[in-house]
file entry-v1.txt (compact mmCIF, C-alpha atoms)
# COMPACT_ATOMS: atom_id res chain seq x y z
CA MET A 1 -132.33 -89.58 -202.56
CA PRO A 2 -129.38 -87.66 -201.03
CA GLU A 3 -129.59 -83.99 -200.17
CA LYS A 4 -128.69 -81.81 -203.19
CA PRO A 5 -125.05 -80.72 -203.41
CA GLN A 6 -124.15 -77.29 -202.12
CA VAL A 7 -122.89 -74.77 -204.72
CA LEU A 8 -119.62 -73.45 -203.24
CA ASN A 9 -118.71 -71.24 -206.20
CA HIS A 10 -119.97 -70.53 -209.68
CA GLN A 11 -118.79 -68.39 -212.55
CA ILE A 12 -119.44 -67.87 -216.26
CA VAL A 13 -116.43 -69.26 -218.14
CA ALA A 14 -117.67 -68.68 -221.71
CA ASP A 15 -120.41 -66.53 -223.23
CA THR A 16 -120.81 -66.61 -227.02
CA ALA A 17 -123.65 -65.53 -229.34
CA ILE A 18 -125.82 -68.47 -228.29
CA PHE A 19 -123.97 -70.52 -225.64
CA CYS A 20 -123.28 -69.64 -222.02
CA VAL A 21 -121.09 -71.98 -219.96
CA GLU A 22 -121.15 -71.84 -216.17
CA SER A 23 -118.59 -73.55 -213.96
CA GLN A 24 -119.90 -74.73 -210.58
CA GLN A 25 -117.88 -76.02 -207.66
CA LEU A 26 -120.14 -78.44 -205.78
CA ARG A 27 -119.89 -80.14 -202.41
CA PHE A 28 -121.95 -83.34 -202.30
CA SER A 29 -123.73 -84.31 -199.08
CA ASN A 30 -120.98 -86.90 -198.42
CA GLY A 31 -118.36 -84.12 -198.43
CA VAL A 32 -116.88 -84.90 -201.88
CA GLU A 33 -116.15 -81.76 -203.91
CA ARG A 34 -116.26 -81.59 -207.71
CA THR A 35 -116.21 -78.90 -210.37
CA TYR A 36 -118.79 -79.20 -213.15
CA GLU A 37 -119.48 -77.19 -216.29
CA ARG A 38 -123.01 -76.68 -217.53
CA LEU A 39 -124.71 -74.85 -220.38
CA VAL A 40 -127.23 -72.34 -219.08
CA GLY A 41 -129.89 -70.31 -220.88
CA LYS A 42 -129.09 -66.75 -221.97
CA GLY A 43 -132.48 -65.42 -220.86
CA ASN A 44 -133.45 -64.18 -224.33
CA HIS A 45 -136.36 -66.61 -224.62
CA ALA A 46 -138.89 -68.41 -222.42
CA GLY A 47 -138.02 -72.02 -223.29
CA ALA A 48 -138.64 -74.15 -226.34
CA VAL A 49 -141.41 -76.23 -227.85
CA MET A 50 -141.53 -79.24 -230.19
CA ILE A 51 -144.69 -80.04 -232.11
CA VAL A 52 -146.18 -83.41 -233.13
CA ALA A 53 -148.72 -82.15 -235.69
CA LEU A 54 -151.19 -84.75 -236.93
CA ASP A 55 -153.68 -84.38 -239.77
CA ASN A 56 -157.05 -86.14 -239.66
CA ASP A 57 -155.54 -89.32 -241.14
CA HIS A 58 -152.86 -89.35 -238.40
CA ASN A 59 -150.07 -88.33 -240.70
CA VAL A 60 -147.40 -86.48 -238.74
CA MET A 61 -145.74 -83.40 -240.27
CA LEU A 62 -142.05 -84.27 -240.47
CA ILE A 63 -139.65 -81.59 -241.64
CA ARG A 64 -136.25 -81.84 -243.21
CA GLU A 65 -133.80 -78.99 -242.69
CA TYR A 66 -130.08 -78.37 -242.44
CA SER A 67 -128.62 -79.08 -239.00
CA ALA A 68 -125.43 -77.13 -238.42
CA GLY A 69 -124.44 -79.28 -235.42
CA THR A 70 -124.23 -82.54 -237.34
CA GLU A 71 -123.57 -80.80 -240.70
CA SER A 72 -126.36 -82.79 -242.35
CA TYR A 73 -129.97 -82.53 -243.50
CA GLU A 74 -132.03 -84.11 -240.74
CA LEU A 75 -135.60 -85.37 -240.68
CA SER A 76 -137.29 -84.31 -237.46
CA LEU A 77 -140.26 -82.49 -235.92
CA PRO A 78 -140.99 -78.74 -236.03
CA LYS A 79 -139.68 -76.87 -232.99
CA GLY A 80 -138.55 -73.46 -231.89
CA LEU A 81 -138.06 -71.01 -229.06
CA ILE A 82 -140.89 -69.61 -226.99
CA GLU A 83 -140.72 -65.83 -227.06
CA HIS A 84 -141.23 -63.81 -223.87
CA GLY A 85 -144.97 -63.12 -223.52
CA GLU A 86 -145.99 -66.14 -225.63
CA THR A 87 -147.69 -69.19 -224.14
CA VAL A 88 -146.34 -72.62 -225.09
CA PHE A 89 -149.41 -73.07 -227.30
CA ASP A 90 -148.98 -69.66 -229.03
CA ALA A 91 -145.35 -70.49 -229.77
CA ALA A 92 -146.24 -73.99 -231.00
CA ASN A 93 -148.85 -72.64 -233.40
CA ARG A 94 -146.52 -69.90 -234.68
CA GLU A 95 -143.62 -72.29 -235.25
CA LEU A 96 -145.95 -74.79 -236.92
CA LYS A 97 -147.22 -72.10 -239.30
CA GLU A 98 -143.66 -70.93 -240.05
CA GLU A 99 -142.16 -74.37 -240.56
CA THR A 100 -145.01 -76.40 -242.09
CA GLY A 101 -147.65 -73.96 -243.40
CA PHE A 102 -150.29 -75.33 -241.02
CA GLY A 103 -151.95 -73.97 -237.93
CA ALA A 104 -153.81 -76.15 -235.40
CA GLU A 105 -157.22 -75.66 -233.75
CA ASN A 106 -156.40 -78.20 -231.05
CA ILE A 107 -153.06 -78.16 -229.22
CA GLN A 108 -152.51 -80.41 -226.20
CA PHE A 109 -149.57 -80.61 -223.82
CA LEU A 110 -147.79 -83.95 -224.19
CA THR A 111 -144.69 -83.77 -221.97
CA GLU A 112 -141.62 -81.79 -220.90
CA MET A 113 -138.24 -83.28 -221.72
CA THR A 114 -134.59 -82.61 -221.00
CA VAL A 115 -131.96 -83.35 -223.64
CA SER A 116 -128.81 -83.65 -221.53
CA PRO A 117 -129.63 -82.99 -217.87
CA GLY A 118 -126.06 -83.68 -216.75
CA TYR A 119 -124.71 -80.79 -218.82
CA MET A 120 -127.56 -78.51 -219.86
CA SER A 121 -130.31 -76.68 -217.98
CA TYR A 122 -132.36 -76.80 -221.20
CA ARG A 123 -135.93 -78.19 -221.19
CA ILE A 124 -138.37 -78.48 -224.07
CA GLN A 125 -142.16 -78.67 -223.98
CA VAL A 126 -143.74 -81.16 -226.38
CA VAL A 127 -147.26 -80.67 -227.71
CA LEU A 128 -149.66 -82.62 -229.87
CA ALA A 129 -151.31 -80.40 -232.52
CA MET A 130 -154.47 -81.56 -234.32
CA ASP A 131 -157.35 -80.18 -236.38
CA LEU A 132 -154.92 -78.54 -238.80
CA TYR A 133 -155.72 -75.72 -241.24
CA SER A 134 -153.57 -74.10 -243.93
CA GLU A 135 -151.77 -70.94 -242.83
CA LYS A 136 -148.23 -69.96 -243.69
CA LEU A 137 -146.20 -67.49 -241.63
CA GLU A 138 -142.77 -66.32 -242.74
CA GLY A 139 -140.02 -67.71 -240.51
CA ASP A 140 -136.33 -66.89 -240.41
CA GLU A 141 -135.16 -70.01 -242.23
CA PRO A 142 -132.31 -69.51 -244.71
CA GLU A 143 -133.97 -71.84 -247.24
CA PRO A 144 -137.42 -73.46 -247.60
CA ILE A 145 -138.03 -76.32 -245.17
CA GLU A 146 -139.21 -79.57 -246.74
CA VAL A 147 -142.46 -80.81 -245.13
CA ILE A 148 -143.10 -84.54 -245.34
CA PRO A 149 -146.46 -85.81 -244.05
CA THR A 150 -145.81 -89.37 -242.89
CA SER A 151 -148.00 -91.90 -241.09
CA LEU A 152 -147.18 -92.14 -237.40
CA GLU A 153 -146.29 -95.83 -237.80
CA GLN A 154 -143.98 -95.05 -240.72
CA ALA A 155 -142.35 -92.24 -238.72
CA ILE A 156 -141.60 -94.67 -235.90
CA TYR A 157 -140.22 -97.10 -238.47
CA LEU A 158 -137.96 -94.28 -239.77
CA ALA A 159 -136.79 -93.61 -236.21
CA ASN A 160 -135.78 -97.26 -235.94
CA SER A 161 -133.93 -97.18 -239.25
CA ASP A 162 -131.70 -94.15 -238.62
CA GLU A 163 -133.69 -91.80 -240.88
CA ILE A 164 -134.80 -89.88 -237.77
CA THR A 165 -131.99 -89.64 -235.22
CA GLU A 166 -133.03 -86.80 -232.89
CA ALA A 167 -133.80 -88.39 -229.51
CA ARG A 168 -136.52 -85.93 -228.46
CA ALA A 169 -138.32 -86.34 -231.80
CA ILE A 170 -138.20 -90.14 -231.46
CA ALA A 171 -139.48 -89.96 -227.88
CA ALA A 172 -142.22 -87.49 -228.91
CA LEU A 173 -143.40 -89.73 -231.77
CA TYR A 174 -143.71 -92.76 -229.48
CA MET A 175 -145.51 -90.72 -226.80
CA ALA A 176 -147.89 -89.24 -229.38
CA ARG A 177 -148.71 -92.74 -230.62
CA ASP A 178 -149.49 -93.82 -227.03
CA ARG A 179 -151.68 -90.73 -226.50
CA ILE A 180 -153.60 -91.34 -229.73
CA LYS A 181 -154.17 -94.99 -228.81
CA GLN A 182 -155.47 -93.99 -225.37
CA THR A 183 -157.77 -91.36 -226.91
CA GLU A 184 -159.18 -93.79 -229.43
CA MET A 185 -159.75 -96.55 -226.92
CA PRO A 186 -163.18 -95.23 -225.77
CA ASP A 187 -164.40 -95.19 -229.41
CA ALA A 188 -163.08 -98.69 -229.92
CA LEU A 189 -164.95 -99.83 -226.82
CA GLU A 190 -168.11 -98.04 -227.92
CA SER A 191 -168.11 -99.87 -231.22
CA VAL A 192 -167.85 -103.20 -229.35
CA PHE A 193 -170.62 -102.58 -226.81
CA MET B 1 -132.78 -82.42 -250.59
CA PRO B 2 -130.69 -79.30 -251.41
CA GLU B 3 -126.94 -79.41 -251.77
CA LYS B 4 -125.22 -78.93 -248.38
CA PRO B 5 -124.22 -75.36 -247.52
CA GLN B 6 -120.65 -74.34 -248.17
CA VAL B 7 -118.53 -73.46 -245.11
CA LEU B 8 -117.06 -70.03 -245.92
CA ASN B 9 -115.29 -69.55 -242.59
CA HIS B 10 -115.05 -71.29 -239.26
CA GLN B 11 -113.34 -70.53 -235.97
CA ILE B 12 -113.34 -71.70 -232.35
CA VAL B 13 -115.01 -68.96 -230.30
CA ALA B 14 -114.91 -70.70 -226.88
CA ASP B 15 -112.97 -73.63 -225.49
CA THR B 16 -113.58 -74.56 -221.84
CA ALA B 17 -112.79 -77.70 -219.79
CA ILE B 18 -115.54 -79.69 -221.53
CA PHE B 19 -117.22 -77.47 -224.14
CA CYS B 20 -115.85 -76.28 -227.47
CA VAL B 21 -117.92 -73.82 -229.52
CA GLU B 22 -117.24 -73.36 -233.24
CA SER B 23 -118.66 -70.49 -235.28
CA GLN B 24 -119.33 -71.32 -238.94
CA GLN B 25 -120.22 -68.91 -241.69
CA LEU B 26 -122.34 -70.86 -244.19
CA ARG B 27 -123.56 -70.13 -247.71
CA PHE B 28 -126.68 -72.12 -248.52
CA SER B 29 -127.19 -73.42 -252.08
CA ASN B 30 -129.70 -70.59 -252.72
CA GLY B 31 -126.97 -68.02 -251.93
CA VAL B 32 -128.24 -67.04 -248.46
CA GLU B 33 -125.41 -66.62 -245.93
CA ARG B 34 -125.77 -67.25 -242.19
CA THR B 35 -123.48 -67.59 -239.20
CA TYR B 36 -124.13 -70.53 -236.87
CA GLU B 37 -122.58 -71.67 -233.62
CA ARG B 38 -122.20 -75.35 -232.83
CA LEU B 39 -120.75 -77.44 -230.02
CA VAL B 40 -118.05 -79.76 -231.28
CA GLY B 41 -116.26 -82.68 -229.59
CA LYS B 42 -112.92 -82.06 -227.92
CA GLY B 43 -111.38 -85.27 -229.28
CA ASN B 44 -110.62 -86.72 -225.84
CA HIS B 45 -113.01 -89.64 -226.30
CA ALA B 46 -114.47 -91.81 -229.07
CA GLY B 47 -118.16 -91.06 -228.63
CA ALA B 48 -120.71 -92.07 -226.02
CA VAL B 49 -122.94 -95.01 -225.22
CA MET B 50 -126.25 -95.43 -223.37
CA ILE B 51 -127.28 -98.83 -222.03
CA VAL B 52 -130.73 -100.41 -221.72
CA ALA B 53 -129.81 -103.30 -219.39
CA LEU B 54 -132.54 -105.89 -218.89
CA ASP B 55 -132.55 -108.76 -216.40
CA ASN B 56 -134.24 -112.08 -217.22
CA ASP B 57 -137.61 -110.75 -216.02
CA HIS B 58 -137.29 -107.70 -218.34
CA ASN B 59 -136.62 -105.28 -215.52
CA VAL B 60 -134.54 -102.38 -216.81
CA MET B 61 -131.73 -100.97 -214.66
CA LEU B 62 -132.67 -97.34 -214.07
CA ILE B 63 -130.22 -95.15 -212.20
CA ARG B 64 -130.72 -91.99 -210.21
CA GLU B 65 -127.85 -89.52 -209.97
CA TYR B 66 -127.25 -85.82 -209.62
CA SER B 67 -127.48 -83.88 -212.88
CA ALA B 68 -125.51 -80.65 -212.73
CA GLY B 69 -127.25 -79.23 -215.84
CA THR B 70 -130.74 -79.27 -214.39
CA GLU B 71 -129.50 -79.10 -210.76
CA SER B 72 -131.67 -82.08 -209.81
CA TYR B 73 -131.51 -85.82 -209.14
CA GLU B 74 -132.67 -87.47 -212.37
CA LEU B 75 -133.86 -90.98 -213.11
CA SER B 76 -132.35 -92.21 -216.37
CA LEU B 77 -130.29 -94.94 -218.03
CA PRO B 78 -126.58 -95.70 -217.48
CA LYS B 79 -124.32 -94.01 -220.02
CA GLY B 80 -120.80 -92.77 -220.48
CA LEU B 81 -117.99 -91.90 -222.82
CA ILE B 82 -116.27 -94.44 -225.07
CA GLU B 83 -112.54 -94.30 -224.43
CA HIS B 84 -110.08 -94.38 -227.31
CA GLY B 85 -109.31 -98.03 -228.10
CA GLU B 86 -112.58 -99.32 -226.61
CA THR B 87 -115.38 -100.75 -228.74
CA VAL B 88 -118.93 -99.53 -228.11
CA PHE B 89 -119.63 -102.88 -226.43
CA ASP B 90 -116.51 -102.71 -224.19
CA ALA B 91 -117.49 -99.21 -223.07
CA ALA B 92 -121.11 -100.24 -222.49
CA ASN B 93 -120.08 -103.17 -220.30
CA ARG B 94 -117.56 -101.07 -218.34
CA GLU B 95 -120.06 -98.26 -217.72
CA LEU B 96 -122.73 -100.78 -216.76
CA LYS B 97 -120.39 -102.39 -214.21
CA GLU B 98 -119.39 -98.99 -212.82
CA GLU B 99 -122.89 -97.54 -212.60
CA THR B 100 -125.08 -100.56 -211.78
CA GLY B 101 -122.82 -103.37 -210.52
CA PHE B 102 -123.80 -105.65 -213.40
CA GLY B 103 -121.99 -106.89 -216.49
CA ALA B 104 -123.78 -108.33 -219.52
CA GLU B 105 -123.03 -111.50 -221.55
CA ASN B 106 -125.18 -110.28 -224.45
CA ILE B 107 -124.91 -106.71 -225.78
CA GLN B 108 -126.73 -105.74 -228.98
CA PHE B 109 -126.63 -102.50 -230.93
CA LEU B 110 -130.01 -100.75 -230.79
CA THR B 111 -129.55 -97.39 -232.51
CA GLU B 112 -127.48 -94.22 -232.85
CA MET B 113 -129.11 -90.97 -231.78
CA THR B 114 -128.39 -87.25 -231.88
CA VAL B 115 -129.54 -85.01 -229.03
CA SER B 116 -129.58 -81.60 -230.67
CA PRO B 117 -128.41 -81.90 -234.29
CA GLY B 118 -128.98 -78.20 -234.98
CA TYR B 119 -126.43 -77.19 -232.36
CA MET B 120 -124.25 -80.17 -231.43
CA SER B 121 -122.16 -82.64 -233.40
CA TYR B 122 -122.70 -85.11 -230.53
CA ARG B 123 -124.03 -88.62 -231.26
CA ILE B 124 -124.68 -91.44 -228.82
CA GLN B 125 -124.82 -95.20 -229.45
CA VAL B 126 -127.59 -97.07 -227.68
CA VAL B 127 -127.24 -100.74 -226.81
CA LEU B 128 -129.45 -103.41 -225.30
CA ALA B 129 -127.60 -105.43 -222.61
CA MET B 130 -128.98 -108.79 -221.45
CA ASP B 131 -127.88 -111.94 -219.62
CA LEU B 132 -126.61 -109.87 -216.69
CA TYR B 133 -124.15 -111.05 -214.01
CA SER B 134 -122.96 -109.31 -210.85
CA GLU B 135 -119.69 -107.40 -211.23
CA LYS B 136 -118.88 -104.03 -209.76
CA LEU B 137 -116.17 -101.75 -211.15
CA GLU B 138 -115.21 -98.53 -209.40
CA GLY B 139 -116.30 -95.46 -211.38
CA ASP B 140 -115.51 -91.81 -210.87
CA GLU B 141 -118.87 -90.86 -209.37
CA PRO B 142 -118.77 -88.38 -206.45
CA GLU B 143 -121.41 -90.37 -204.53
CA PRO B 144 -123.01 -93.83 -204.90
CA ILE B 145 -125.50 -94.09 -207.77
CA GLU B 146 -128.92 -95.45 -206.86
CA VAL B 147 -129.88 -98.43 -209.06
CA ILE B 148 -133.61 -99.06 -209.46
CA PRO B 149 -134.63 -102.21 -211.38
CA THR B 150 -138.01 -101.36 -212.94
CA SER B 151 -140.23 -103.29 -215.35
CA LEU B 152 -139.97 -101.95 -218.91
CA GLU B 153 -143.70 -101.10 -218.89
CA GLN B 154 -143.35 -99.22 -215.60
CA ALA B 155 -140.30 -97.34 -216.94
CA ILE B 156 -142.34 -96.18 -219.95
CA TYR B 157 -145.11 -95.16 -217.56
CA LEU B 158 -142.54 -93.14 -215.57
CA ALA B 159 -141.39 -91.48 -218.82
CA ASN B 160 -144.98 -90.41 -219.45
CA SER B 161 -145.41 -89.03 -215.93
CA ASP B 162 -142.32 -86.76 -215.83
CA GLU B 163 -140.29 -89.06 -213.56
CA ILE B 164 -137.94 -89.75 -216.48
CA THR B 165 -137.38 -86.61 -218.56
CA GLU B 166 -134.23 -87.33 -220.59
CA ALA B 167 -135.32 -87.61 -224.24
CA ARG B 168 -132.71 -90.17 -225.29
CA ALA B 169 -133.55 -92.43 -222.34
CA ILE B 170 -137.27 -92.23 -223.18
CA ALA B 171 -136.57 -93.00 -226.86
CA ALA B 172 -134.24 -95.87 -225.88
CA LEU B 173 -136.84 -97.43 -223.55
CA TYR B 174 -139.52 -97.39 -226.27
CA MET B 175 -137.10 -98.81 -228.85
CA ALA B 176 -135.97 -101.54 -226.45
CA ARG B 177 -139.61 -102.49 -225.85
CA ASP B 178 -140.15 -102.75 -229.62
CA ARG B 179 -137.01 -104.88 -230.01
CA ILE B 180 -138.04 -107.22 -227.19
CA LYS B 181 -141.52 -107.61 -228.70
CA GLN B 182 -140.02 -108.43 -232.12
CA THR B 183 -137.64 -110.95 -230.56
CA GLU B 184 -140.43 -112.66 -228.68
CA MET B 185 -142.77 -112.75 -231.68
CA PRO B 186 -141.29 -115.95 -233.20
CA ASP B 187 -141.98 -117.78 -229.90
CA ALA B 188 -145.50 -116.39 -229.83
CA LEU B 189 -146.04 -117.57 -233.42
CA GLU B 190 -144.55 -120.96 -232.63
CA SER B 191 -147.04 -121.45 -229.84
CA VAL B 192 -149.88 -120.69 -232.26
CA PHE B 193 -148.80 -122.97 -235.14
call {"tool": "encode", "arguments": {"input": "entry-v1.txt", "output": "structure tokens"}}
result
Amino acid sequence: MPEKPQVLNHQIVADTAIFCVESQQLRFSNGVERTYERLVGKGNHAGAVMIVALDNDHNVMLIREYSAGTESYELSLPKGLIEHGETVFDAANRELKEETGFGAENIQFLTEMTVSPGYMSYRIQVVLAMDLYSEKLEGDEPEPIEVIPTSLEQAIYLANSDEITEARAIAALYMARDRIKQTEMPDALESVF
Amino acid sequence: MPEKPQVLNHQIVADTAIFCVESQQLRFSNGVERTYERLVGKGNHAGAVMIVALDNDHNVMLIREYSAGTESYELSLPKGLIEHGETVFDAANRELKEETGFGAENIQFLTEMTVSPGYMSYRIQVVLAMDLYSEKLEGDEPEPIEVIPTSLEQAIYLANSDEITEARAIAALYMARDRIKQTEMPDALESVF
């Protein structure tokens, strides 16, 4: 892997309510210079978390809400920002309660993902939430979010049929299915031997 | 699903070399009003395409290149913008030749994904490219891209161990594996009956 490019210059070229664009002039280790623009965080939160919440029958809590980016109602997974002072798990449980009306006794780290590493510094933590219980917290949603418990297999089918389009949700569903299979393997073996 | 919110007002609040931010004042069907910001396309291209390119042994062409957003060298899949007048398949084959030194005789549509539908209008087409042949086109990369042929299973392992972090690449690898399994199923059945 080459040495990382040197940052010759950088400046904020746009700063709106939620987006901050930085321009960076880079010199690559081979001497080539390029100017890039990247979205950087505004420092008003401590990252983001997406939640694969599974009930005891392995139904995943899908939500449908309005997405202003694509101007459409999208089926996806609960997610939200991590507030300063919150752990990933605190934020996951709060967002889950706000968006689905469930809390979770058991929250496990699944992975950390980027959504567009070429252009955004943004990273999101993904957790698996299980042992659910009913608890509703008020969120800041403009209208009620539709919660649709769906079997994990059906959710992956929906991802393959354009009903779920959000890449990180699709990746999280597949990774959760792998994790569940791995977890269940010892039981499966036990029942054989 | 509720009726889509009404757009009461919209205006461009930032317009840089590559990012355009639109502010939209929305009225939801329940009467609640909110202002959102979203990244919109600048109209200088016809979308984007990501390529899962598999050789005859089902090795996928991973690439490693510098990602200015995360300021790190990232392992991911080849991708690029679709130029006006190009089909998705033309663009996929061009980008593949530029980034990996291979063209493909057989390119199939796999899916369309969003990366952050709440905040970006952006969509990306994902294709499966097979029957590869050697052909290098010059791209606009500042330094040579490292091409790493990796078995599909190993690539999914890398996605689960933080070596591959880009959500759409992870989703595409899982979906390609499913597609390959489905395609091979008839042969498997034939050998049984």
call {"tool": "interface_residues", "arguments": {"input": "entry-v1.txt", "of": "chain A", "to": "chain B", "cutoff": "6 Å", "atoms": "only C-alpha atoms", "output": "count of residues only"}}
result
19
call {"tool": "atom_distance", "arguments": {"input": "entry-v1.txt", "atom1": "CA of Gly47 (chain B)", "atom2": "CA of Lys97 (chain B)"}}
result
18.5 Å
call {"tool": "atom_distance", "arguments": {"input": "entry-v1.txt", "atom1": "CA of Glu83 (chain A)", "atom2": "CA of Asp131 (chain A)"}}
result
23.9 Å
call {"tool": "closest_residue", "arguments": {"input": "entry-v1.txt", "among": "A:Glu163, A:Glu153, A:Glu86, A:Glu95", "to": "Ala176 (chain A)", "atoms": "only C-alpha atoms"}}
result
A:Glu153
call {"tool": "atom_distance", "arguments": {"input": "entry-v1.txt", "atom1": "CA of Gly101 (chain A)", "atom2": "CA of Ile148 (chain A)"}}
result
11.7 Å
call {"tool": "closest_residue", "arguments": {"input": "entry-v1.txt", "among": "A:Leu77, A:Met50, A:Ile12, A:Lys42", "to": "Ala92 (chain A)", "atoms": "all atoms listed in the file"}}
result
A:Met50
call {"tool": "decode", "arguments": {"input": "entry-v1.txt", "residues": "region 91-107 of chain A", "atoms": "N, CA and C atoms", "output": "tab-separated table (two decimals), in the first residue's frame"}}
result
chain	number	residue	atom	x	y	z
A	91	ALA	N	-27.36	4.49	22.68
A	91	ALA	CA	-28.00	5.17	21.54
A	91	ALA	C	-28.86	4.19	20.75
A	92	ALA	N	-28.36	2.96	20.58
A	92	ALA	CA	-29.12	1.95	19.84
A	92	ALA	C	-30.44	1.67	20.55
A	93	ASN	N	-30.39	1.52	21.85
A	93	ASN	CA	-31.60	1.18	22.60
A	93	ASN	C	-32.59	2.36	22.59
A	94	ARG	N	-32.07	3.58	22.70
A	94	ARG	CA	-32.94	4.76	22.65
A	94	ARG	C	-33.61	4.88	21.28
A	95	GLU	N	-32.81	4.77	20.22
A	95	GLU	CA	-33.38	4.89	18.87
A	95	GLU	C	-34.40	3.78	18.60
A	96	LEU	N	-34.09	2.58	19.09
A	96	LEU	CA	-35.00	1.45	18.90
A	96	LEU	C	-36.35	1.73	19.59
A	97	LYS	N	-36.27	2.26	20.81
A	97	LYS	CA	-37.49	2.58	21.56
A	97	LYS	C	-38.28	3.68	20.85
A	98	GLU	N	-37.56	4.69	20.33
A	98	GLU	CA	-38.23	5.81	19.66
A	98	GLU	C	-38.88	5.35	18.34
A	99	GLU	N	-38.16	4.53	17.59
A	99	GLU	CA	-38.61	4.23	16.23
A	99	GLU	C	-39.48	2.98	16.13
A	100	THR	N	-39.33	2.04	17.09
A	100	THR	CA	-40.11	0.80	16.96
A	100	THR	C	-40.99	0.49	18.17
A	101	GLY	N	-40.75	1.17	19.31
A	101	GLY	CA	-41.53	0.84	20.51
A	101	GLY	C	-41.01	-0.39	21.24
A	102	PHE	N	-39.78	-0.79	20.93
A	102	PHE	CA	-39.15	-1.91	21.65
A	102	PHE	C	-37.80	-1.48	22.21
A	103	GLY	N	-37.48	-2.00	23.39
A	103	GLY	CA	-36.12	-1.95	23.89
A	103	GLY	C	-35.51	-3.34	23.76
A	104	ALA	N	-34.22	-3.48	24.04
A	104	ALA	CA	-33.55	-4.77	23.91
A	104	ALA	C	-32.70	-5.04	25.14
A	105	GLU	N	-32.80	-6.26	25.68
A	105	GLU	CA	-31.97	-6.66	26.83
A	105	GLU	C	-30.55	-7.01	26.39
A	106	ASN	N	-30.42	-7.38	25.11
A	106	ASN	CA	-29.17	-7.96	24.61
A	106	ASN	C	-28.79	-7.24	23.32
A	107	ILE	N	-27.75	-6.41	23.39
A	107	ILE	CA	-27.30	-5.68	22.21
A	107	ILE	C	-25.84	-6.02	21.95
